[in-house]
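Right, one structure below, let's go through it.
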Amino acid sequence: MNIPQHVAIIMDGNGRWAKKQNKPRAYGHLTGTDNVRNIAIKADELGIKVLTLYAFSTENWKRPKEEIDYLMSLPEVFIDKFLKELMERNIKIETIGDLSALPVKTVKVLNTAINKTKKNKGMILVFALNYGGRSDIVNAVNSIIKNGNVNSITEQDINNHISTKDYPEVDLMIRTSLDYRISNFLLWQLSYAEFIFVDCYWPDFNGERFAEAIAEYTNRQRRFGGLL
Ligand code: V0D
């Protein structure tokens, strides 16, 4: 069985999910946070090594301040509720993206969770926060230049300096909620990934649907392997 080692997800549709039932957007985000736990547990059970979730993009700063403030409280909500369970499962929390622009309180909560889970040897749960794919590439190139004495750079140089350098290649990218875009998520890293677009909002994307997406990936790999 060819299970993907690294799965990346754009968790879209929380606001639309809430609107559909006349609830505030915040309610959709909060329900989406519980769903992060459900999908992380399922990914762990399926034997996925790295799960990278697009939690906040560099473009999300354009949203109303009130909504941004609420989103920035969600890491703490998640960690208070689920850190114990993640520890029991040996799951390690990491982040990619520029944390320096996030509220101090949020960064503290994140660093505490990263520290508490840093010795865990199981699945790595990566939150992309204030992340943009283009700036990831630009940062990689700049850190290569800073190392000095650069005449030309190779793909391997970029691989070695990009935010995901310690993780296996992304095998599968899933986006919920039926927009067919990458939205400045992992650009460099998705070069060889399979894409699956799911026709439900993030809060409705449960463990069973996630397992179906993994099965679809496995099927594609099998067809490819059989040259059919
Ligand atoms: C809202 C759907 C968990 C997407 C999921 C700061 C949008 C729920 C976290 C989280 C968000 C982040 C770091 C961490 C633990 C949990 C999260 C944000 C948004 C943006 F260490 N859900 N979640 N962070 N949403």
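Within each chain, counting starts at residue 1; across the structure tokens, chains are named A, B, ... in the order shown, with ligands numbered 1 upward in that order.
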Residues within 7 Å of ligand 1, counting only C-alpha atoms and all ligand atoms: report them as a list in words. Met11, Asp12, Asn14, His29, Leu30, Gly32, Thr33, Val36, Ala55, Phe56, Leu71, Met72, Ser73, Leu74, Pro75, Glu76, Phe78, Ile79, Ile93, Leu110, Ala113, Phe127, Leu129 and Trp202 of chain A
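Backbone DSSP over segment 15-58 of chain A gives alpha helix (DSSP H) for Gly15, Arg16, Trp17, Ala18, Lys19, Lys20, Arg25, Ala26, Tyr27, Gly28, His29, Leu30, Thr31, Gly32, Thr33, Asp34, Asn35, Val36, Arg37, Asn38, Ile39, Ala40, Ile41, Lys42, Ala43, Asp44, Glu45 and Leu46 of chain A.
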Residue neighbourhood Ile196 of chain A, 8 Å, only C-alpha atoms, exclusion window fewer than 3 positions, as number ranges by chain: A: 172-175, 213
Using N, CA, C and O atoms, can you write the selected residues to a file as a PDB file, in the first residue's frame?
ATOM      1  N   LEU A 172       0.670  14.738  -1.569  1.00  0.00           N
ATOM      2  CA  LEU A 172      -0.756  14.975  -1.825  1.00  0.00           C
ATOM      3  C   LEU A 172      -1.179  16.310  -1.236  1.00  0.00           C
ATOM      4  O   LEU A 172      -0.859  16.613  -0.086  1.00  0.00           O
ATOM      5  N   MET A 173      -1.881  17.100  -2.051  1.00  0.00           N
ATOM      6  CA  MET A 173      -2.471  18.349  -1.569  1.00  0.00           C
ATOM      7  C   MET A 173      -3.991  18.224  -1.685  1.00  0.00           C
ATOM      8  O   MET A 173      -4.509  17.889  -2.748  1.00  0.00           O
ATOM      9  N   ILE A 174      -4.660  18.471  -0.580  1.00  0.00           N
ATOM     10  CA  ILE A 174      -6.126  18.428  -0.562  1.00  0.00           C
ATOM     11  C   ILE A 174      -6.636  19.842  -0.309  1.00  0.00           C
ATOM     12  O   ILE A 174      -6.106  20.549   0.564  1.00  0.00           O
ATOM     13  N   ARG A 175      -7.631  20.268  -1.075  1.00  0.00           N
ATOM     14  CA  ARG A 175      -8.307  21.534  -0.774  1.00  0.00           C
ATOM     15  C   ARG A 175      -9.797  21.263  -0.644  1.00  0.00           C
ATOM     16  O   ARG A 175     -10.405  20.674  -1.537  1.00  0.00           O
ATOM     17  N   ALA A 213      -9.950  10.212   0.478  1.00  0.00           N
ATOM     18  CA  ALA A 213      -8.968  10.967  -0.322  1.00  0.00           C
ATOM     19  C   ALA A 213      -7.637  10.224  -0.366  1.00  0.00           C
ATOM     20  O   ALA A 213      -6.991  10.170  -1.418  1.00  0.00           O
TER      21      ALA A 213
END
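You will find atom CA of Gly97 of chain A at 21.2 Å from atom CA of Leu83 of chain A.
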List as a ChimeraX atom specification the protein and nucleic acid residues near segment 133-138 of chain A, meaning an atom at most 12 Å away when only C-alpha atoms are counted, but skip any in the same chain fewer than 5 places from it. /A:54,57-59,96-98,128,143-145,155,157-165,182-190
Pairwise distance, atom CA of Thr52 of chain A with atom CA of Lys92 of chain A, equals 11.7 Å
Nearest to Leu99 of chain A among A:Gly132, A:Gly122, A:Lys81, A:Gln21, with distances taken over only C-alpha atoms: which residue is it?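 Of A:Gly132, A:Gly122, A:Lys81, A:Gln21, the one nearest Leu99 of chain A is A:Gly132, counting only C-alpha atoms.
With only C-alpha atoms as the atoms that count, the minimum distance from Phe82 of chain A to the choices A:Glu66, A:Arg37, A:Tyr192, A:Lys105 is reached by A:Arg37.
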Select from segment 128-163 of chain A everything DSSP, run on the backbone, classes as strand (DSSP E), then give the selection as a PyMOL selection string. chain A and resi 128-131
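Comparing the minimum interatomic distances between Ala101 of chain A and each of A:Asn130, A:Glu45, A:Asp80, A:Leu178, counting only C-alpha atoms, we find that A:Asn130 sits nearest.
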If I take atom CA of Thr117 of chain A and atom CA of Asp34 of chain A, how far is one from the other in Å, to one decimal?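 Atom CA of Asp34 of chain A lies at a distance of 19.2 Å from atom CA of Thr117 of chain A.
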Determine, using only C-alpha atoms, which residues of segment 19-100 of chain A have any atom at most 8 Å from an atom of segment 6-9 of chain A, and tabulate each with its shortest atom pair and distance in Å to one decimal place, rows ordered by chain and then rising number, as CSV.
residue,atom,partner,partner_atom,distance
A:Ile48,CA,A:His6,CA,6.4
A:Lys49,CA,A:His6,CA,6.0
A:Val50,CA,A:His6,CA,4.7
A:Leu51,CA,A:Val7,CA,5.0
A:Thr52,CA,A:Ala8,CA,4.5
A:Leu53,CA,A:Ile9,CA,5.0
A:Tyr54,CA,A:Ile9,CA,6.2
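Restricting the calculation to only C-alpha atoms, the smallest distance between Lys119 of chain A and any of A:Thr95, A:Asn142, A:Thr31, A:Asn90 is found for A:Asn90.
Minimum atom-to-atom distances from A:Lys23, A:Glu88, A:Ala140, A:Gly47 to Ile3 of chain A were compared using only C-alpha atoms, and the lowest value belongs to A:Gly47.
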